[in-house]
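Okay, start-v7.pdb is below, PDB, C-alpha atoms:
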MODEL        1
ATOM      1  CA  MET A 114      89.364  64.131  73.282
ATOM      2  CA  CYS A 115      89.136  65.610  69.801
ATOM      3  CA  THR A 116      87.706  63.018  67.415
ATOM      4  CA  THR A 117      88.502  64.826  64.175
ATOM      5  CA  VAL A 118      91.586  66.877  63.337
ATOM      6  CA  ARG A 119      91.037  69.267  60.439
ATOM      7  CA  LEU A 120      94.183  69.754  58.399
ATOM      8  CA  GLY A 121      95.574  72.546  56.279
ATOM      9  CA  TRP A 122      98.003  71.080  53.745
ATOM     10  CA  VAL A 123     100.952  73.316  52.869
ATOM     11  CA  GLY A 124     102.914  72.043  49.872
ATOM     12  CA  VAL A 125     100.934  70.252  47.165
ATOM     13  CA  ARG A 126     103.691  69.403  44.712
ATOM     14  CA  GLY A 127     106.825  67.260  44.897
ATOM     15  CA  TYR A 128     107.151  65.440  48.193
ATOM     16  CA  GLY A 129     104.041  67.157  49.493
ATOM     17  CA  LYS A 130     102.001  65.313  46.879
ATOM     18  CA  ARG A 131     103.817  62.032  47.536
ATOM     19  CA  LEU A 132     103.123  62.425  51.252
ATOM     20  CA  TRP A 133      99.448  63.044  50.499
ATOM     21  CA  ASP A 134      99.343  59.938  48.319
ATOM     22  CA  SER A 135     100.878  57.921  51.182
ATOM     23  CA  ILE A 136      98.360  58.944  53.828
ATOM     24  CA  LYS A 137      95.166  59.938  51.996
ATOM     25  CA  LYS A 138      93.422  56.611  52.670
ATOM     26  CA  SER A 139      93.950  56.875  56.414
ATOM     27  CA  PRO A 140      90.726  57.336  58.411
ATOM     28  CA  LEU A 141      92.652  59.999  60.346
ATOM     29  CA  CYS A 142      93.308  62.069  57.222
ATOM     30  CA  ASN A 143      90.875  64.990  57.057
ATOM     31  CA  VAL A 144      92.256  67.745  54.834
ATOM     32  CA  VAL A 145      89.947  70.759  54.725
ATOM     33  CA  ALA A 146      92.304  73.286  53.100
ATOM     34  CA  CYS A 147      95.470  73.436  51.015
ATOM     35  CA  LEU A 148      97.980  76.146  50.191
ATOM     36  CA  HIS A 149     100.135  77.079  47.231
ATOM     37  CA  PRO A 150     101.226  80.621  46.290
ATOM     38  CA  ASP A 151     100.040  80.036  42.726
ATOM     39  CA  ILE A 152      96.264  80.034  43.051
ATOM     40  CA  GLN A 153      95.866  77.931  39.918
ATOM     41  CA  VAL A 154      98.051  75.225  41.454
ATOM     42  CA  ALA A 155      96.123  75.568  44.707
ATOM     43  CA  ASN A 156      92.814  75.181  42.859
ATOM     44  CA  GLU A 157      94.037  72.060  41.057
ATOM     45  CA  ALA A 158      95.212  70.546  44.341
ATOM     46  CA  ALA A 159      91.955  71.477  46.072
ATOM     47  CA  THR A 160      89.996  69.633  43.402
ATOM     48  CA  ARG A 161      92.179  66.568  43.888
ATOM     49  CA  MET A 162      92.130  66.749  47.688
ATOM     50  CA  LYS A 163      88.478  67.887  47.932
ATOM     51  CA  CYS A 164      89.239  70.896  50.094
ATOM     52  CA  LEU A 165      89.393  74.697  50.081
ATOM     53  CA  PRO A 166      92.288  76.386  48.204
ATOM     54  CA  PHE A 167      94.417  79.210  49.626
ATOM     55  CA  ALA A 168      97.260  81.223  48.135
ATOM     56  CA  GLU A 169      98.252  83.195  51.267
ATOM     57  CA  LEU A 170      99.430  81.651  54.529
ATOM     58  CA  ASP A 171      97.750  84.332  56.651
ATOM     59  CA  ASP A 172      94.394  83.544  55.078
ATOM     60  CA  LEU A 173      94.872  79.842  55.782
ATOM     61  CA  LEU A 174      95.870  80.537  59.383
ATOM     62  CA  ASP A 175      92.769  82.715  59.830
ATOM     63  CA  CYS A 176      90.564  79.827  58.738
ATOM     64  CA  LYS A 177      88.709  78.649  61.867
ATOM     65  CA  GLU A 178      88.062  75.240  60.309
ATOM     66  CA  VAL A 179      91.793  74.367  60.377
ATOM     67  CA  ASP A 180      93.228  72.787  63.541
ATOM     68  CA  ALA A 181      96.675  71.787  62.293
ATOM     69  CA  LEU A 182      99.077  72.285  59.420
ATOM     70  CA  VAL A 183     101.038  69.687  57.473
ATOM     71  CA  ILE A 184     104.041  71.537  56.032
ATOM     72  CA  SER A 185     105.992  69.964  53.183
ATOM     73  CA  ILE A 186     107.841  72.776  51.441
ATOM     74  CA  PRO A 187     111.500  73.730  50.787
ATOM     75  CA  ASN A 188     113.586  73.620  53.943
ATOM     76  CA  LYS A 189     114.338  77.327  54.150
ATOM     77  CA  TYR A 190     110.631  77.975  54.831
ATOM     78  CA  HIS A 191     110.244  75.412  57.619
ATOM     79  CA  TYR A 192     111.009  77.849  60.413
ATOM     80  CA  ASP A 193     108.876  80.781  59.255
ATOM     81  CA  TYR A 194     105.809  78.743  58.319
ATOM     82  CA  SER A 195     105.980  76.599  61.459
ATOM     83  CA  ARG A 196     106.487  79.648  63.691
ATOM     84  CA  ARG A 197     103.530  81.494  62.226
ATOM     85  CA  ALA A 198     101.338  78.410  62.489
ATOM     86  CA  LEU A 199     102.241  77.805  66.139
ATOM     87  CA  GLU A 200     101.733  81.472  66.991
ATOM     88  CA  SER A 201      98.256  81.282  65.475
ATOM     89  CA  GLY A 202      97.406  78.289  67.672
ATOM     90  CA  LYS A 203      97.745  75.541  65.074
ATOM     91  CA  HIS A 204      99.432  72.197  65.637
ATOM     92  CA  VAL A 205     102.290  71.572  63.207
ATOM     93  CA  PHE A 206     103.640  68.590  61.323
ATOM     94  CA  VAL A 207     106.697  69.711  59.350
ATOM     95  CA  GLU A 208     108.904  67.663  57.084
ATOM     96  CA  LYS A 209     112.459  66.975  58.163
ATOM     97  CA  PRO A 210     114.797  68.562  58.896
ATOM     98  CA  LEU A 211     113.023  70.651  61.514
ATOM     99  CA  THR A 212     115.013  73.729  60.441
ATOM    100  CA  ASN A 213     118.324  74.581  58.821
ATOM    101  CA  SER A 214     119.795  75.865  62.095
ATOM    102  CA  VAL A 215     119.811  74.915  65.771
ATOM    103  CA  ALA A 216     118.793  78.415  66.861
ATOM    104  CA  GLU A 217     115.637  78.307  64.740
ATOM    105  CA  GLY A 218     114.847  74.756  65.872
ATOM    106  CA  GLU A 219     115.171  75.713  69.523
ATOM    107  CA  MET A 220     112.777  78.605  69.030
ATOM    108  CA  LEU A 221     110.153  76.341  67.454
ATOM    109  CA  VAL A 222     110.392  73.738  70.213
ATOM    110  CA  ARG A 223     110.123  76.460  72.842
ATOM    111  CA  LEU A 224     107.164  78.060  71.066
ATOM    112  CA  SER A 225     105.297  74.754  70.805
ATOM    113  CA  ILE A 226     105.640  74.352  74.573
ATOM    114  CA  GLU A 227     104.499  77.920  75.251
ATOM    115  CA  LYS A 228     101.470  77.492  72.993
ATOM    116  CA  SER A 229     100.703  73.923  74.172
ATOM    117  CA  ARG A 230     100.661  72.679  70.605
ATOM    118  CA  VAL A 231     101.978  69.512  69.040
ATOM    119  CA  LEU A 232     105.099  70.021  66.934
ATOM    120  CA  MET A 233     106.091  66.889  65.062
ATOM    121  CA  VAL A 234     108.805  66.401  62.453
ATOM    122  CA  GLY A 235     108.523  63.871  59.637
ATOM    123  CA  HIS A 236     111.454  61.662  60.600
ATOM    124  CA  ASN A 237     109.715  58.633  59.150
ATOM    125  CA  TYR A 238     112.897  56.665  58.354
ATOM    126  CA  ARG A 239     113.181  55.450  61.953
ATOM    127  CA  LYS A 240     109.763  53.840  61.440
ATOM    128  CA  SER A 241     111.211  51.471  58.783
ATOM    129  CA  GLY A 242     110.590  47.799  59.490
ATOM    130  CA  PHE A 243     114.250  46.865  59.078
ATOM    131  CA  LEU A 244     115.345  49.520  61.593
ATOM    132  CA  LYS A 245     112.785  48.340  64.118
ATOM    133  CA  ARG A 246     114.132  44.799  63.724
ATOM    134  CA  MET A 247     117.719  46.013  64.042
ATOM    135  CA  LYS A 248     116.873  47.881  67.235
ATOM    136  CA  LYS A 249     115.208  44.773  68.659
ATOM    137  CA  GLU A 250     118.257  42.619  67.833
ATOM    138  CA  LEU A 251     120.568  45.157  69.467
ATOM    139  CA  GLU A 252     118.403  45.323  72.591
ATOM    140  CA  ASN A 253     118.445  41.524  72.762
ATOM    141  CA  GLY A 254     122.237  41.508  72.579
ATOM    142  CA  ARG A 255     122.394  39.432  69.399
ATOM    143  CA  ILE A 256     125.704  40.958  68.294
ATOM    144  CA  GLY A 257     127.147  41.597  71.744
ATOM    145  CA  LYS A 258     128.449  45.043  72.605
ATOM    146  CA  ILE A 259     128.129  47.533  69.761
ATOM    147  CA  VAL A 260     131.490  48.691  68.424
ATOM    148  CA  ALA A 261     130.878  50.804  65.319
ATOM    149  CA  SER A 262     128.502  51.340  62.424
ATOM    150  CA  GLU A 263     128.267  52.519  58.828
ATOM    151  CA  PHE A 264     125.289  54.345  57.327
ATOM    152  CA  ASN A 265     125.197  55.162  53.625
ATOM    153  CA  MET A 266     122.548  56.783  51.451
ATOM    154  CA  GLY A 267     123.082  58.598  48.195
ATOM    155  CA  HIS A 268     122.401  59.059  44.497
ATOM    156  CA  GLY A 269     123.545  61.222  41.597
ATOM    157  CA  GLY A 270     120.742  63.774  41.715
ATOM    158  CA  GLY A 271     123.017  66.661  42.606
ATOM    159  CA  LEU A 272     124.674  66.408  39.205
ATOM    160  CA  LYS A 273     121.341  67.301  37.580
ATOM    161  CA  PHE A 274     120.119  70.173  39.769
ATOM    162  CA  LYS A 275     119.622  73.496  37.927
ATOM    163  CA  PRO A 276     119.701  77.091  39.248
ATOM    164  CA  HIS A 277     115.895  77.374  39.208
ATOM    165  CA  GLN A 278     115.640  74.441  41.634
ATOM    166  CA  TRP A 279     115.923  75.180  45.352
ATOM    167  CA  ARG A 280     118.275  72.272  45.980
ATOM    168  CA  PHE A 281     120.823  73.944  43.717
ATOM    169  CA  HIS A 282     121.503  76.626  46.339
ATOM    170  CA  ARG A 283     123.480  76.176  49.555
ATOM    171  CA  GLU A 284     121.647  78.941  51.415
ATOM    172  CA  GLU A 285     118.392  77.037  50.959
ATOM    173  CA  TYR A 286     119.645  73.778  52.435
ATOM    174  CA  PRO A 287     123.173  73.887  53.852
ATOM    175  CA  GLY A 288     124.960  70.563  53.619
ATOM    176  CA  GLY A 289     123.272  69.299  50.475
ATOM    177  CA  PRO A 290     122.846  65.532  50.863
ATOM    178  CA  LEU A 291     123.699  65.803  54.564
ATOM    179  CA  ASN A 292     120.636  68.021  54.976
ATOM    180  CA  MET A 293     118.254  65.936  52.879
ATOM    181  CA  LEU A 294     119.508  62.346  53.225
ATOM    182  CA  GLY A 295     121.839  62.567  56.194
ATOM    183  CA  THR A 296     119.148  63.801  58.537
ATOM    184  CA  HIS A 297     117.344  60.479  57.973
ATOM    185  CA  LEU A 298     120.468  58.537  58.892
ATOM    186  CA  ILE A 299     121.473  60.749  61.829
ATOM    187  CA  ASP A 300     118.025  60.264  63.343
ATOM    188  CA  ALA A 301     118.251  56.509  62.754
ATOM    189  CA  ALA A 302     121.671  56.335  64.412
ATOM    190  CA  ASN A 303     120.485  58.443  67.353
ATOM    191  CA  ASN A 304     117.489  56.142  67.740
ATOM    192  CA  LEU A 305     119.766  53.091  67.850
ATOM    193  CA  PHE A 306     122.702  54.407  69.873
ATOM    194  CA  GLY A 307     121.472  57.235  72.090
ATOM    195  CA  LYS A 308     122.860  60.715  72.627
ATOM    196  CA  PRO A 309     125.636  62.005  70.352
ATOM    197  CA  LYS A 310     128.784  63.235  72.080
ATOM    198  CA  SER A 311     130.944  64.683  69.302
ATOM    199  CA  VAL A 312     130.899  65.258  65.552
ATOM    200  CA  SER A 313     133.570  65.593  62.888
ATOM    201  CA  GLY A 314     133.702  65.129  59.137
ATOM    202  CA  ILE A 315     133.794  66.512  55.622
ATOM    203  CA  VAL A 316     130.918  68.310  53.896
ATOM    204  CA  LYS A 317     131.817  69.815  50.537
ATOM    205  CA  ASN A 318     131.091  70.225  46.844
ATOM    206  CA  MET A 319     133.215  68.021  44.607
ATOM    207  CA  TYR A 320     131.644  67.648  41.172
ATOM    208  CA  ALA A 321     128.157  69.160  41.005
ATOM    209  CA  ASP A 322     127.640  72.600  39.435
ATOM    210  CA  THR A 323     125.513  73.569  42.434
ATOM    211  CA  THR A 324     126.459  76.067  45.118
ATOM    212  CA  ALA A 325     125.245  73.456  47.614
ATOM    213  CA  GLU A 326     127.508  70.645  48.719
ATOM    214  CA  ASP A 327     127.289  67.310  46.903
ATOM    215  CA  MET A 328     128.900  64.994  49.465
ATOM    216  CA  SER A 329     129.273  64.491  53.197
ATOM    217  CA  LEU A 330     131.207  62.013  55.290
ATOM    218  CA  ILE A 331     130.719  62.591  58.991
ATOM    219  CA  GLN A 332     131.629  60.674  62.116
ATOM    220  CA  VAL A 333     129.373  60.794  65.164
ATOM    221  CA  CYS A 334     130.674  59.493  68.503
ATOM    222  CA  TYR A 335     128.038  58.567  71.077
ATOM    223  CA  GLN A 336     128.108  58.770  74.862
ATOM    224  CA  ASN A 337     128.146  54.972  75.078
ATOM    225  CA  GLY A 338     131.297  54.775  72.948
ATOM    226  CA  VAL A 339     129.679  53.703  69.677
ATOM    227  CA  VAL A 340     131.045  55.356  66.536
ATOM    228  CA  ALA A 341     128.845  55.941  63.480
ATOM    229  CA  ASN A 342     130.271  56.842  60.069
ATOM    230  CA  ILE A 343     127.552  58.432  57.946
ATOM    231  CA  VAL A 344     128.084  58.952  54.201
ATOM    232  CA  ASN A 345     125.707  60.864  51.920
ATOM    233  CA  LEU A 346     126.315  61.549  48.246
ATOM    234  CA  TYR A 347     124.577  63.535  45.520
ATOM    235  CA  ASN A 348     127.261  62.759  42.945
ATOM    236  CA  SER A 349     127.459  58.985  42.619
ATOM    237  CA  ALA A 350     125.456  55.791  42.113
ATOM    238  CA  SER A 351     122.342  55.102  44.190
ATOM    239  CA  THR A 352     123.224  53.439  47.487
ATOM    240  CA  GLU A 353     121.545  52.618  50.781
ATOM    241  CA  PHE A 354     122.995  50.304  53.395
ATOM    242  CA  ILE A 355     123.578  50.038  57.134
ATOM    243  CA  ASN A 356     126.213  47.900  58.850
ATOM    244  CA  ILE A 357     126.378  47.614  62.636
ATOM    245  CA  TYR A 358     129.338  45.772  64.145
ATOM    246  CA  GLY A 359     129.407  44.136  67.559
ATOM    247  CA  THR A 360     131.724  41.982  69.630
ATOM    248  CA  ASN A 361     129.660  38.857  68.836
ATOM    249  CA  GLY A 362     128.520  39.532  65.282
ATOM    250  CA  ALA A 363     127.124  42.125  62.928
ATOM    251  CA  LEU A 364     123.884  43.327  61.354
ATOM    252  CA  HIS A 365     123.730  44.203  57.667
ATOM    253  CA  PHE A 366     120.910  45.935  55.793
ATOM    254  CA  LYS A 367     121.063  46.808  52.109
ATOM    255  CA  ARG A 368     118.507  48.189  49.680
ATOM    256  CA  TRP A 369     120.113  47.031  46.429
ATOM    257  CA  PRO A 370     120.564  44.859  44.406
ATOM    258  CA  VAL A 371     118.392  42.664  46.643
ATOM    259  CA  GLU A 372     116.811  44.248  49.694
ATOM    260  CA  GLY A 373     117.338  42.396  52.930
ATOM    261  CA  LEU A 374     118.541  42.303  56.510
ATOM    262  CA  TRP A 375     121.060  39.753  57.748
ATOM    263  CA  LEU A 376     122.697  38.705  60.989
ATOM    264  CA  GLN A 377     126.341  37.770  60.687
ATOM    265  CA  PRO A 378     127.237  35.587  63.694
ATOM    266  CA  LYS A 379     130.582  35.750  65.433
ATOM    267  CA  ASP A 380     133.168  33.829  63.456
ATOM    268  CA  ILE A 381     136.559  32.296  64.190
ATOM    269  CA  ASP A 382     139.775  33.841  62.912
ATOM    270  CA  CYS A 383     139.176  34.948  59.283
ATOM    271  CA  ASN A 384     136.433  32.507  58.302
ATOM    272  CA  CYS A 385     133.130  34.339  57.867
ATOM    273  CA  ALA A 386     130.199  32.534  59.489
ATOM    274  CA  PRO A 387     127.068  31.950  57.347
ATOM    275  CA  TYR A 388     124.669  34.890  57.337
ATOM    276  CA  GLU A 389     121.173  34.465  58.817
ATOM    277  CA  ALA A 390     118.378  36.297  56.988
ATOM    278  CA  LEU A 391     116.141  38.304  59.315
ATOM    279  CA  THR A 392     112.544  39.102  58.450
ATOM    280  CA  TYR A 393     110.875  42.434  59.061
ATOM    281  CA  GLU A 394     107.552  44.057  58.347
ATOM    282  CA  GLU A 395     107.218  46.156  55.208
ATOM    283  CA  ASN A 396     105.393  49.283  56.288
ATOM    284  CA  ASN A 397     104.218  52.715  55.220
ATOM    285  CA  THR A 398     106.564  54.852  57.300
ATOM    286  CA  ALA A 399     105.032  58.172  56.235
ATOM    287  CA  LEU A 400     101.591  56.959  57.298
ATOM    288  CA  GLU A 401     102.848  55.748  60.681
ATOM    289  CA  ILE A 402     104.408  59.045  61.700
ATOM    290  CA  PHE A 403     101.471  61.041  60.314
ATOM    291  CA  GLU A 404      99.063  59.002  62.419
ATOM    292  CA  ASP A 405     101.325  59.529  65.444
ATOM    293  CA  PHE A 406     100.820  63.256  64.890
ATOM    294  CA  ILE A 407      97.041  63.038  64.666
ATOM    295  CA  ARG A 408      96.757  60.805  67.733
ATOM    296  CA  ALA A 409      98.991  63.146  69.736
ATOM    297  CA  ILE A 410      96.495  65.932  69.011
ATOM    298  CA  GLN A 411      93.437  63.776  69.679
ATOM    299  CA  GLU A 412      94.815  62.488  72.976
ATOM    300  CA  ASN A 413      96.225  65.872  73.978
ATOM    301  CA  THR A 414      99.663  64.262  74.297
ATOM    302  CA  LEU A 415     102.017  67.215  74.223
ATOM    303  CA  ASN A 416     105.103  65.024  74.509
ATOM    304  CA  GLN A 417     108.089  66.882  73.056
ATOM    305  CA  THR A 418     110.110  63.711  72.377
ATOM    306  CA  ASN A 419     109.824  63.862  68.593
ATOM    307  CA  SER A 420     110.647  67.548  68.285
ATOM    308  CA  THR A 421     113.607  67.367  70.675
ATOM    309  CA  GLN A 422     114.911  64.336  68.787
ATOM    310  CA  ALA A 423     114.544  66.310  65.562
ATOM    311  CA  LEU A 424     116.411  69.218  67.128
ATOM    312  CA  GLU A 425     119.250  66.849  68.048
ATOM    313  CA  VAL A 426     119.513  65.877  64.377
ATOM    314  CA  VAL A 427     119.860  69.539  63.369
ATOM    315  CA  ARG A 428     122.491  69.927  66.094
ATOM    316  CA  VAL A 429     124.583  67.112  64.588
ATOM    317  CA  MET A 430     124.182  68.503  61.067
ATOM    318  CA  GLU A 431     125.210  71.991  62.140
ATOM    319  CA  ALA A 432     128.186  70.607  64.088
ATOM    320  CA  ALA A 433     129.397  68.691  61.022
ATOM    321  CA  LEU A 434     129.250  71.852  58.925
ATOM    322  CA  MET A 435     131.114  73.769  61.611
ATOM    323  CA  PHE A 436     133.811  71.098  61.874
ATOM    324  CA  HIS A 437     134.450  71.218  58.145
ATOM    325  CA  LYS A 438     134.713  75.013  58.357
ATOM    326  CA  THR A 439     136.980  75.212  61.428
ATOM    327  CA  GLY A 440     138.676  71.815  61.638
ATOM    328  CA  LYS A 441     137.847  71.686  65.340
ATOM    329  CA  LEU A 442     136.070  68.666  66.860
ATOM    330  CA  ILE A 443     132.578  69.748  67.897
ATOM    331  CA  GLN A 444     131.538  68.532  71.340
ATOM    332  CA  LEU A 445     127.781  68.219  71.780
ATOM    333  CA  CYS A 446     127.950  67.109  75.404
ATOM    334  CA  ASP A 447     130.474  66.106  78.049
TER     335      ASP A 447
ENDMDL
END
Would you mind writing the file out in structure tokens?
Amino acid sequence: MCTTVRLGWVGVRGYGKRLWDSIKKSPLCNVVACLHPDIQVANEAATRMKCLPFAELDDLLDCKEVDALVISIPNKYHYDYSRRALESGKHVFVEKPLTNSVAEGEMLVRLSIEKSRVLMVGHNYRKSGFLKRMKKELENGRIGKIVASEFNMGHGGGLKFKPHQWRFHREEYPGGPLNMLGTHLIDAANNLFGKPKSVSGIVKNMYADTTAEDMSLIQVCYQNGVVANIVNLYNSASTEFINIYGTNGALHFKRWPVEGLWLQPKDIDCNCAPYEALTYEENNTALEIFEDFIRAIQENTLNQTNSTQALEVVRVMEAALMFHKTGKLIQLCD
């Protein structure tokens, strides 16, 4: 068993810095190198992170003191950086989505198996305390048989993106909010309901000046019959809520104006029964999934569950984009 995992940190600005801030106090965090193509930025990050700076990926990969890479960079680089890291024998933690295409995702999963290296994707949303509580309530049958669900996450950021920003451009992250926000919700829905069967929906640009889309409304049908409507917006007010409907009640989570999770019992006719507030643990989701990654390396647990789940998310995203292009219902399985 490896007691210490030495990390190379790729992506020291934006979310990469926020991720570092979320996990830096963990006893499992041992960053020995960082990378940014601007050596001045790399040097500044190295001073902050107390590690060696690199400006070239090949030089970082040649560093014998690095066991694994944490990759938090624009989505279009996920495949290339992860591939090169795996080929060099490094374990990889890459931010979600795994890749922008199913073909690239499949190649990374296959390569991680061939190289016997851990490949983990930062789908931390499923680690949220409220989702864990929802899953427990569903497993306990609190709302009966699941009928349908609504997932919503969005904000107006797409109306402010400029051409020099990578999220302005469709080729850098196809789907816009579906790619960035929707992948959180798709993974959450898959975690709650199982294997997706078919996908349909709308993914388009309505009001933003970007070449990328600014809205998506997709419907995912699951093998067990559950239907999930997933809405993601980059052109409206900030929203985040989840509603799950069952034959004997419903579960409701909302982030604003007051965060909370409630059970709505089965009611009679049109009279809504009083809601029951459900408690859940507030947790550091980024830290939890990061520590899962480190422990998988330490314990030599080459379980591909996370990466195959992440690939399934990319499959749903790609199917939604294809449906909007062709108008044909995309079947993911029989």
Work out how far CA of Val207 in chain A is from CA of Cys164 in chain A, in Å to one decimal. 19.8 Å
With all atoms listed in the file as the counted atoms, please give the residues lying no more than 7 Å from range 415-429 of chain A, apart from itself and same-chain residues fewer than 5 positions off, as a PDB file with C-alpha atoms, in the frame of the given file.
ATOM      1  CA  PRO A 210     114.797  68.562  58.896  1.00  0.00           C
ATOM      2  CA  LEU A 211     113.023  70.651  61.514  1.00  0.00           C
ATOM      3  CA  ASN A 213     118.324  74.581  58.821  1.00  0.00           C
ATOM      4  CA  SER A 214     119.795  75.865  62.095  1.00  0.00           C
ATOM      5  CA  VAL A 215     119.811  74.915  65.771  1.00  0.00           C
ATOM      6  CA  GLY A 218     114.847  74.756  65.872  1.00  0.00           C
ATOM      7  CA  VAL A 222     110.392  73.738  70.213  1.00  0.00           C
ATOM      8  CA  SER A 229     100.703  73.923  74.172  1.00  0.00           C
ATOM      9  CA  ARG A 230     100.661  72.679  70.605  1.00  0.00           C
ATOM     10  CA  VAL A 231     101.978  69.512  69.040  1.00  0.00           C
ATOM     11  CA  LEU A 232     105.099  70.021  66.934  1.00  0.00           C
ATOM     12  CA  MET A 233     106.091  66.889  65.062  1.00  0.00           C
ATOM     13  CA  VAL A 234     108.805  66.401  62.453  1.00  0.00           C
ATOM     14  CA  THR A 296     119.148  63.801  58.537  1.00  0.00           C
ATOM     15  CA  ILE A 299     121.473  60.749  61.829  1.00  0.00           C
ATOM     16  CA  ASP A 300     118.025  60.264  63.343  1.00  0.00           C
ATOM     17  CA  VAL A 312     130.899  65.258  65.552  1.00  0.00           C
ATOM     18  CA  ALA A 409      98.991  63.146  69.736  1.00  0.00           C
TER      19      ALA A 409
END
Give the centre and edge lengths of an axis-aligned box, in Å to one decimal, that holds all listed atoms of range 207-211 of chain A with 5 Å on each side, as AutoDock Vina command-line options.
--center_x 110.7 --center_y 68.8 --center_z 59.3 --size_x 18.1 --size_y 13.7 --size_z 14.4
On this file, the PyMOL selection byres ((chain A and resi 273-287) around 8) gives some set of residues; write that set as a PyMOL selection string. chain A and resi 187-189+213+269-272+288-289+292-293+321-326
For CA of Tyr347 in chain A and CA of His191 in chain A, determine how far apart the two atoms are, in Å to one decimal place.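 The value is 22.2 Å.
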Within 12 Å of Ala363 in chain A, counting only C-alpha atoms, which residues qualify if same-chain residues fewer than 3 places away don't, as a PyMOL selection string? chain A and resi 247+250-251+254-263+355-360+366+374-380+385-389
Taking C-alpha atoms for each residue, export the selection above as an mmCIF file, in the frame of the given file.
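Produced file out.cif, reproduced below:
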data_model
loop_
_atom_site.group_PDB
_atom_site.id
_atom_site.type_symbol
_atom_site.label_atom_id
_atom_site.label_comp_id
_atom_site.auth_asym_id
_atom_site.auth_seq_id
_atom_site.Cartn_x
_atom_site.Cartn_y
_atom_site.Cartn_z
ATOM 1 C CA MET A 247 117.719 46.013 64.042
ATOM 2 C CA GLU A 250 118.257 42.619 67.833
ATOM 3 C CA LEU A 251 120.568 45.157 69.467
ATOM 4 C CA GLY A 254 122.237 41.508 72.579
ATOM 5 C CA ARG A 255 122.394 39.432 69.399
ATOM 6 C CA ILE A 256 125.704 40.958 68.294
ATOM 7 C CA GLY A 257 127.147 41.597 71.744
ATOM 8 C CA LYS A 258 128.449 45.043 72.605
ATOM 9 C CA ILE A 259 128.129 47.533 69.761
ATOM 10 C CA VAL A 260 131.490 48.691 68.424
ATOM 11 C CA ALA A 261 130.878 50.804 65.319
ATOM 12 C CA SER A 262 128.502 51.340 62.424
ATOM 13 C CA GLU A 263 128.267 52.519 58.828
ATOM 14 C CA ILE A 355 123.578 50.038 57.134
ATOM 15 C CA ASN A 356 126.213 47.900 58.850
ATOM 16 C CA ILE A 357 126.378 47.614 62.636
ATOM 17 C CA TYR A 358 129.338 45.772 64.145
ATOM 18 C CA GLY A 359 129.407 44.136 67.559
ATOM 19 C CA THR A 360 131.724 41.982 69.630
ATOM 20 C CA PHE A 366 120.910 45.935 55.793
ATOM 21 C CA LEU A 374 118.541 42.303 56.510
ATOM 22 C CA TRP A 375 121.060 39.753 57.748
ATOM 23 C CA LEU A 376 122.697 38.705 60.989
ATOM 24 C CA GLN A 377 126.341 37.770 60.687
ATOM 25 C CA PRO A 378 127.237 35.587 63.694
ATOM 26 C CA LYS A 379 130.582 35.750 65.433
ATOM 27 C CA ASP A 380 133.168 33.829 63.456
ATOM 28 C CA CYS A 385 133.130 34.339 57.867
ATOM 29 C CA ALA A 386 130.199 32.534 59.489
ATOM 30 C CA PRO A 387 127.068 31.950 57.347
ATOM 31 C CA TYR A 388 124.669 34.890 57.337
ATOM 32 C CA GLU A 389 121.173 34.465 58.817
#
What does the PyMOL selection byres ((chain A and resi 176) around 12) select in this file, as a PDB file with C-alpha atoms, keeping the file's coordinate frame?
ATOM      1  CA  ARG A 119      91.037  69.267  60.439  1.00  0.00           C
ATOM      2  CA  LEU A 120      94.183  69.754  58.399  1.00  0.00           C
ATOM      3  CA  GLY A 121      95.574  72.546  56.279  1.00  0.00           C
ATOM      4  CA  VAL A 145      89.947  70.759  54.725  1.00  0.00           C
ATOM      5  CA  ALA A 146      92.304  73.286  53.100  1.00  0.00           C
ATOM      6  CA  CYS A 147      95.470  73.436  51.015  1.00  0.00           C
ATOM      7  CA  LEU A 148      97.980  76.146  50.191  1.00  0.00           C
ATOM      8  CA  LEU A 165      89.393  74.697  50.081  1.00  0.00           C
ATOM      9  CA  PRO A 166      92.288  76.386  48.204  1.00  0.00           C
ATOM     10  CA  PHE A 167      94.417  79.210  49.626  1.00  0.00           C
ATOM     11  CA  GLU A 169      98.252  83.195  51.267  1.00  0.00           C
ATOM     12  CA  LEU A 170      99.430  81.651  54.529  1.00  0.00           C
ATOM     13  CA  ASP A 171      97.750  84.332  56.651  1.00  0.00           C
ATOM     14  CA  ASP A 172      94.394  83.544  55.078  1.00  0.00           C
ATOM     15  CA  LEU A 173      94.872  79.842  55.782  1.00  0.00           C
ATOM     16  CA  LEU A 174      95.870  80.537  59.383  1.00  0.00           C
ATOM     17  CA  ASP A 175      92.769  82.715  59.830  1.00  0.00           C
ATOM     18  CA  LYS A 177      88.709  78.649  61.867  1.00  0.00           C
ATOM     19  CA  GLU A 178      88.062  75.240  60.309  1.00  0.00           C
ATOM     20  CA  VAL A 179      91.793  74.367  60.377  1.00  0.00           C
ATOM     21  CA  ASP A 180      93.228  72.787  63.541  1.00  0.00           C
ATOM     22  CA  ALA A 181      96.675  71.787  62.293  1.00  0.00           C
ATOM     23  CA  LEU A 182      99.077  72.285  59.420  1.00  0.00           C
ATOM     24  CA  ALA A 198     101.338  78.410  62.489  1.00  0.00           C
ATOM     25  CA  SER A 201      98.256  81.282  65.475  1.00  0.00           C
ATOM     26  CA  GLY A 202      97.406  78.289  67.672  1.00  0.00           C
ATOM     27  CA  LYS A 203      97.745  75.541  65.074  1.00  0.00           C
TER      28      LYS A 203
END
Hey, can you check how far CA of Leu445 in chain A sits from CA of Cys334 in chain A?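 CA of Leu445 in chain A sits 9.8 Å away from CA of Cys334 in chain A.
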Which is closer to Leu199 in chain A than all the others in A:Ala216, A:Arg126, A:Leu221, A:Gly295, using only C-alpha atoms?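 Among the listed residues, the smallest separation from Leu199 in chain A belongs to A:Leu221.
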